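Peer 1: This is the structure, below, for whatever I ask next.
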Amino acid sequence: MQGWKSFIPTAQKIEYINALLQVGFDTIDFGSFVSPKWIPQMADTREVIAGLNMAGSRSNLLAIVANLRGAEEACAFNEVTDLGYPFSVSETFQQQNTNRSIGQSLVLVDSLQQLCVQRNKSLVVYLSMGFGNPYGDPYSEDQVLKTAEQITGMGIRIISLADTVGMATPEQVYSTTRLLINELQDVEVGVHLHSDPNHLLPKINAALLAGCTRFDGALLGVGGCPMAGDELVGNLPTELLIRNFEETNSMLPVNQEALAYCLRLATDIFRPLGKHNHDGNSGMP
């Protein structure tokens, strides 16, 4: 939702997220506590929380934060279980996305983790540009691993490798994901992949083969990161992920009736412009 050009009414967001809560997803990335100046679509996150019905749902609620103030506000809500921070292995994109250097972001991540421990929340760190970047910044798998080790050394136990600009090959997805899974034994390593339709399944299956069990997606594949400053390819379509995982017996079952209802709602929300150049979730990886 974050990059959708027209404001999605709060009531419509509430209806959609309440429906998602009934599908059986592990985590719903539902909103963000960031400045409305930068992400106006998420300005009503507090109102959305007030309208959510968590009864009978097994899903965690994740909110994206970009600073300590936003994290403190997110932690005030019992419904929010997870906080997500968009870290980048690209210095250029870290500045562009959060107006901080990598060094400053490492200090912030440490503060965010301490707050989460105090408030009984989990911190998820996205490694943006985890498979390379278009800015000419230094990049290597060893650099990604070193960054991940710095972050997990602070006690963080969930990281998500983000292909922010959709440039990863299936071979890269396998190699980098496998490296982190092998080296970070007590850490949950996920992937947040962007891809055009022609390369979806090879990337998904490469991550699966690497041992990944945490995948971010968006219904209908709506997406891209608006902070990257160009027309980006979409997120992984959640419905395609589910079909693929069911065929390989790689995931827990979901409520298919609830999923079908969510797809109808997503179509009503996201199809009017007929384009996939907006982000279908609330994060900034």
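In the structure tokens, the first chain shown is A, the next is B, and so on; residue numbers restart at 1 for each chain, and ligands run from 1 in the order shown.
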Using only C-alpha atoms, what table do you get, as JSON lines, when you list each residue of stretch 84-186 of chain A with an atom no more than 10 Å from stretch 197-215 of chain A, its nearest pair of atoms, and their distance in Å rounded to one decimal, rows by chain then rising number?
Peer 2:
```
{"residue": "A:Ile158", "atom": "CA", "partner": "A:Arg214", "partner_atom": "CA", "distance": 9.5}
{"residue": "A:Ile159", "atom": "CA", "partner": "A:Arg214", "partner_atom": "CA", "distance": 9.6}
{"residue": "A:Ser160", "atom": "CA", "partner": "A:Arg214", "partner_atom": "CA", "distance": 8.1}
{"residue": "A:Leu161", "atom": "CA", "partner": "A:Phe215", "partner_atom": "CA", "distance": 9.7}
{"residue": "A:Gly166", "atom": "CA", "partner": "A:His199", "partner_atom": "CA", "distance": 9.6}
{"residue": "A:Ala168", "atom": "CA", "partner": "A:Lys203", "partner_atom": "CA", "distance": 8.2}
{"residue": "A:Thr169", "atom": "CA", "partner": "A:Lys203", "partner_atom": "CA", "distance": 7.0}
{"residue": "A:Pro170", "atom": "CA", "partner": "A:Lys203", "partner_atom": "CA", "distance": 4.6}
{"residue": "A:Glu171", "atom": "CA", "partner": "A:Ala206", "partner_atom": "CA", "distance": 7.0}
{"residue": "A:Gln172", "atom": "CA", "partner": "A:Ala206", "partner_atom": "CA", "distance": 8.6}
{"residue": "A:Val173", "atom": "CA", "partner": "A:Ala207", "partner_atom": "CA", "distance": 6.0}
{"residue": "A:Tyr174", "atom": "CA", "partner": "A:Ala206", "partner_atom": "CA", "distance": 4.9}
{"residue": "A:Ser175", "atom": "CA", "partner": "A:Ala210", "partner_atom": "CA", "distance": 7.4}
{"residue": "A:Thr176", "atom": "CA", "partner": "A:Ala210", "partner_atom": "CA", "distance": 8.7}
{"residue": "A:Thr177", "atom": "CA", "partner": "A:Ala210", "partner_atom": "CA", "distance": 6.1}
{"residue": "A:Arg178", "atom": "CA", "partner": "A:Ala210", "partner_atom": "CA", "distance": 4.7}
{"residue": "A:Leu179", "atom": "CA", "partner": "A:Ala210", "partner_atom": "CA", "distance": 8.5}
{"residue": "A:Leu180", "atom": "CA", "partner": "A:Ala210", "partner_atom": "CA", "distance": 9.6}
{"residue": "A:Ile181", "atom": "CA", "partner": "A:Gly211", "partner_atom": "CA", "distance": 7.2}
{"residue": "A:Asn182", "atom": "CA", "partner": "A:Gly211", "partner_atom": "CA", "distance": 9.2}
```
Peer 1: Could you write out the selected residues, including C-alpha atoms, as a PDB file, in the first residue's frame?
Peer 2:
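again.pdb, written as the output of this step:
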```pdb
ATOM      1  CA  ILE A 158      15.054 -12.562  12.087  1.00  0.00           C
ATOM      2  CA  ILE A 159      16.574 -11.035   8.964  1.00  0.00           C
ATOM      3  CA  SER A 160      15.114 -10.810   5.478  1.00  0.00           C
ATOM      4  CA  LEU A 161      17.270 -10.590   2.360  1.00  0.00           C
ATOM      5  CA  GLY A 166      14.635  -7.045  -8.696  1.00  0.00           C
ATOM      6  CA  ALA A 168      18.932 -10.987  -8.461  1.00  0.00           C
ATOM      7  CA  THR A 169      19.343 -14.124 -10.531  1.00  0.00           C
ATOM      8  CA  PRO A 170      18.050 -17.446  -9.197  1.00  0.00           C
ATOM      9  CA  GLU A 171      21.673 -18.504  -8.766  1.00  0.00           C
ATOM     10  CA  GLN A 172      22.346 -15.443  -6.599  1.00  0.00           C
ATOM     11  CA  VAL A 173      19.218 -16.050  -4.562  1.00  0.00           C
ATOM     12  CA  TYR A 174      20.334 -19.600  -3.853  1.00  0.00           C
ATOM     13  CA  SER A 175      23.970 -18.782  -3.154  1.00  0.00           C
ATOM     14  CA  THR A 176      23.487 -15.785  -0.853  1.00  0.00           C
ATOM     15  CA  THR A 177      20.518 -17.231   1.006  1.00  0.00           C
ATOM     16  CA  ARG A 178      22.285 -20.547   1.512  1.00  0.00           C
ATOM     17  CA  LEU A 179      25.417 -18.780   2.768  1.00  0.00           C
ATOM     18  CA  LEU A 180      23.502 -16.898   5.457  1.00  0.00           C
ATOM     19  CA  ILE A 181      21.459 -19.922   6.497  1.00  0.00           C
ATOM     20  CA  ASN A 182      24.613 -22.010   6.845  1.00  0.00           C
TER      21      ASN A 182
END
```
Peer 1: Write out as JSON lines the residues of stretch 32-79 of chain A that have any atom within 7 Å of an atom of stretch 7-25 of chain A, one row each with the nearest atom pair and its distance in Å to one decimal, counting only C-alpha atoms, sorted by chain and then rising number.
Peer 2:
```
{"residue": "A:Gln41", "atom": "CA", "partner": "A:Phe7", "partner_atom": "CA", "distance": 5.8}
{"residue": "A:Asp44", "atom": "CA", "partner": "A:Thr10", "partner_atom": "CA", "distance": 6.6}
{"residue": "A:Val48", "atom": "CA", "partner": "A:Ile14", "partner_atom": "CA", "distance": 5.6}
{"residue": "A:Gly51", "atom": "CA", "partner": "A:Ile14", "partner_atom": "CA", "distance": 6.0}
{"residue": "A:Leu52", "atom": "CA", "partner": "A:Asn18", "partner_atom": "CA", "distance": 5.9}
{"residue": "A:Asn53", "atom": "CA", "partner": "A:Asn18", "partner_atom": "CA", "distance": 6.2}
{"residue": "A:Ser57", "atom": "CA", "partner": "A:Leu21", "partner_atom": "CA", "distance": 5.6}
{"residue": "A:Arg58", "atom": "CA", "partner": "A:Gly24", "partner_atom": "CA", "distance": 6.4}
{"residue": "A:Ser59", "atom": "CA", "partner": "A:Phe25", "partner_atom": "CA", "distance": 5.6}
```
Peer 1: Near stretch 89-92 of chain A, within 9 Å and counting only C-alpha atoms, which residues show up once chain neighbours fewer than 4 positions away are dropped, as a tab-separated table (two decimals) with N, CA, C and O atoms, in the first residue's frame?
Peer 2:
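around19.tsv written:
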```
chain	number	residue	atom	x	y	z
A	96	GLN	N	19.15	7.22	1.09
A	96	GLN	CA	17.94	7.53	0.34
A	96	GLN	C	16.69	7.05	1.04
A	96	GLN	O	15.66	7.72	1.03
A	97	ASN	N	16.79	5.91	1.69
A	97	ASN	CA	15.62	5.27	2.28
A	97	ASN	C	15.32	5.77	3.69
A	97	ASN	O	14.16	5.89	4.08
A	100	ARG	N	20.00	8.11	6.73
A	100	ARG	CA	21.07	7.77	7.66
A	100	ARG	C	22.16	7.03	6.91
A	100	ARG	O	21.91	6.38	5.89
A	101	SER	N	23.36	7.06	7.45
A	101	SER	CA	24.44	6.25	6.92
A	101	SER	C	24.30	4.83	7.46
A	101	SER	O	23.53	4.57	8.39
A	102	ILE	N	25.07	3.92	6.89
A	102	ILE	CA	25.08	2.56	7.40
A	102	ILE	C	25.56	2.53	8.85
A	102	ILE	O	24.98	1.85	9.70
A	127	LEU	N	17.55	-6.66	4.92
A	127	LEU	CA	18.82	-6.30	4.30
A	127	LEU	C	18.54	-5.87	2.87
A	127	LEU	O	18.62	-6.66	1.92
A	128	SER	N	18.21	-4.59	2.70
A	128	SER	CA	17.92	-4.04	1.39
A	128	SER	C	19.15	-4.12	0.49
A	128	SER	O	20.28	-4.04	0.97
A	129	MET	N	18.92	-4.24	-0.81
A	129	MET	CA	20.00	-4.38	-1.80
A	129	MET	C	20.86	-5.59	-1.45
A	129	MET	O	22.08	-5.61	-1.68
A	130	GLY	N	20.21	-6.64	-0.95
A	130	GLY	CA	20.92	-7.83	-0.50
A	130	GLY	C	21.51	-8.67	-1.62
A	130	GLY	O	22.28	-9.60	-1.36
A	132	GLY	N	22.72	-7.01	-4.59
A	132	GLY	CA	23.36	-6.05	-5.49
A	132	GLY	C	22.56	-4.78	-5.58
A	132	GLY	O	21.43	-4.70	-5.11
A	133	ASN	N	23.15	-3.75	-6.18
A	133	ASN	CA	22.46	-2.47	-6.28
A	133	ASN	C	22.87	-1.76	-7.57
A	133	ASN	O	23.93	-2.05	-8.13
A	135	TYR	N	23.65	1.41	-7.86
A	135	TYR	CA	24.29	2.68	-7.55
A	135	TYR	C	25.81	2.66	-7.65
A	135	TYR	O	26.46	3.68	-7.46
A	136	GLY	N	26.36	1.49	-7.91
A	136	GLY	CA	27.83	1.40	-7.97
A	136	GLY	C	28.49	1.24	-6.62
A	136	GLY	O	29.72	1.28	-6.53
A	137	ASP	N	27.71	1.07	-5.56
A	137	ASP	CA	28.29	0.83	-4.23
A	137	ASP	C	28.94	-0.55	-4.20
A	137	ASP	O	28.52	-1.46	-4.91
A	138	PRO	N	29.95	-0.73	-3.36
A	138	PRO	CA	30.58	-2.04	-3.24
A	138	PRO	C	29.55	-3.10	-2.85
A	138	PRO	O	28.65	-2.85	-2.03
A	139	TYR	N	29.69	-4.28	-3.44
A	139	TYR	CA	28.77	-5.38	-3.11
A	139	TYR	C	29.49	-6.71	-3.27
A	139	TYR	O	30.22	-6.93	-4.23
A	143	GLN	N	30.24	-9.32	1.98
A	143	GLN	CA	29.79	-8.07	2.60
A	143	GLN	C	28.41	-8.26	3.22
A	143	GLN	O	28.13	-7.77	4.33
A	144	VAL	N	27.52	-8.96	2.51
A	144	VAL	CA	26.18	-9.23	3.03
A	144	VAL	C	26.29	-10.05	4.31
A	144	VAL	O	25.63	-9.76	5.32
A	147	THR	N	27.60	-7.95	7.21
A	147	THR	CA	26.55	-7.07	7.72
A	147	THR	C	25.55	-7.86	8.55
A	147	THR	O	25.13	-7.42	9.64
```
Peer 1: Could you give me the residues within stretch 99-218 of chain A that DSSP places in helix (DSSP H, G or I), as a PyMOL selection string?
Peer 2: chain A and resi 102-119+141-152+170-183+197-209
Peer 1: DSSP on the backbone: what in stretch 144-275 of chain A comes out strand (DSSP E or B), as an mmCIF file with C-alpha atoms, in the first residue's frame?
Peer 2:
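Below you can see selection_8.cif, which holds the result:
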```cif
data_model
loop_
_atom_site.group_PDB
_atom_site.id
_atom_site.type_symbol
_atom_site.label_atom_id
_atom_site.label_comp_id
_atom_site.auth_asym_id
_atom_site.auth_seq_id
_atom_site.Cartn_x
_atom_site.Cartn_y
_atom_site.Cartn_z
ATOM 1 C CA ILE A 158 15.054 -12.562 12.087
ATOM 2 C CA ILE A 159 16.574 -11.035 8.964
ATOM 3 C CA SER A 160 15.114 -10.810 5.478
ATOM 4 C CA LEU A 161 17.270 -10.590 2.360
ATOM 5 C CA ALA A 162 15.659 -8.032 0.070
ATOM 6 C CA ASP A 163 16.085 -7.932 -3.703
ATOM 7 C CA GLU A 188 15.628 -17.111 10.783
ATOM 8 C CA VAL A 189 16.721 -15.990 7.314
ATOM 9 C CA GLY A 190 13.912 -14.906 5.000
ATOM 10 C CA VAL A 191 13.668 -13.386 1.539
ATOM 11 C CA HIS A 192 11.819 -10.306 0.331
ATOM 12 C CA LEU A 193 12.056 -10.669 -3.432
ATOM 13 C CA HIS A 194 10.902 -8.377 -6.200
ATOM 14 C CA ARG A 214 10.241 -17.276 5.389
ATOM 15 C CA PHE A 215 8.921 -15.509 2.293
ATOM 16 C CA ALA A 218 1.831 -9.290 -1.632
ATOM 17 C CA ASN A 235 6.516 -8.170 -5.099
ATOM 18 C CA PRO A 237 2.390 -12.726 -5.559
#
```
Peer 1: Between atom CA of A:Gln256 and atom CA of A:Gly31, what is the distance, to one decimal in Å?
Peer 2: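 Computing it gives 24.1 Å between the two atoms.
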Peer 1: Could you please determine the separation between atom CA of A:Asp82 and atom CA of A:Thr248 in Å, to one decimal place?
Peer 2: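 We find that atom CA of A:Asp82 and atom CA of A:Thr248 lie 28.2 Å from each other.
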Peer 1: Considering only C-alpha atoms, state which residue in the set A:Phe270, A:Tyr85, A:Phe131, A:Phe77 is at the smallest distance from A:Arg119.
Peer 2: A:Phe77
Peer 1: Using only C-alpha atoms, pick whichever of A:Asn99, A:Pro253, A:Leu61, A:Phe93 has the shortest atom-to-atom distance to A:Trp38.
Peer 2: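 Using only C-alpha atoms, the shortest distance to A:Trp38 belongs to A:Asn99.
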Peer 1: Quick check, in Å to one decimal: how far apart do atom CA of A:Phe87 and atom CA of A:Ala74 lie?
Peer 2: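 Atom-to-atom, atom CA of A:Phe87 and atom CA of A:Ala74 are spaced 18.1 Å apart.
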Peer 1: Under the rule that only C-alpha atoms are counted, which of A:Lys37, A:Arg46, A:Lys146, A:Arg243 is the nearest residue to A:Ala76?
Peer 2: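 Nearest to A:Ala76: A:Arg46.
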Peer 1: Quick one: everything within 9 Å of A:Gly155, counting only C-alpha atoms, minus sequence neighbours fewer than 4 positions away in the same chain. Send it as a list of chain:residue names.
Peer 2: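 Near neighbours after the sequence-gap exclusion: A:Asp110, A:Gln113, A:Gln114, A:Ile151.
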Peer 1: Show which residues sit within 12 Å of A:Glu73, as a list in words. Count only C-alpha atoms, and ignore same-chain residues fewer than 3 positions away.
Peer 2: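 Using only C-alpha atoms, the neighbours found are Ser32, Phe33, Val34, Thr45, Arg46, Ala63, Ile64, Val65, Ala66, Asn67, Leu68, Arg69, Gly70, Ala76, Phe77, Asn78, Val80, Leu83, Leu112, Leu115, Cys116 and Arg119 of chain A.
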Peer 1: Choose the residue, out of A:Gln185, A:Thr81, A:Gln104, A:Ser140, that has the smallest atom-to-atom separation from A:Asn120; count only C-alpha atoms.
Peer 2: A:Thr81
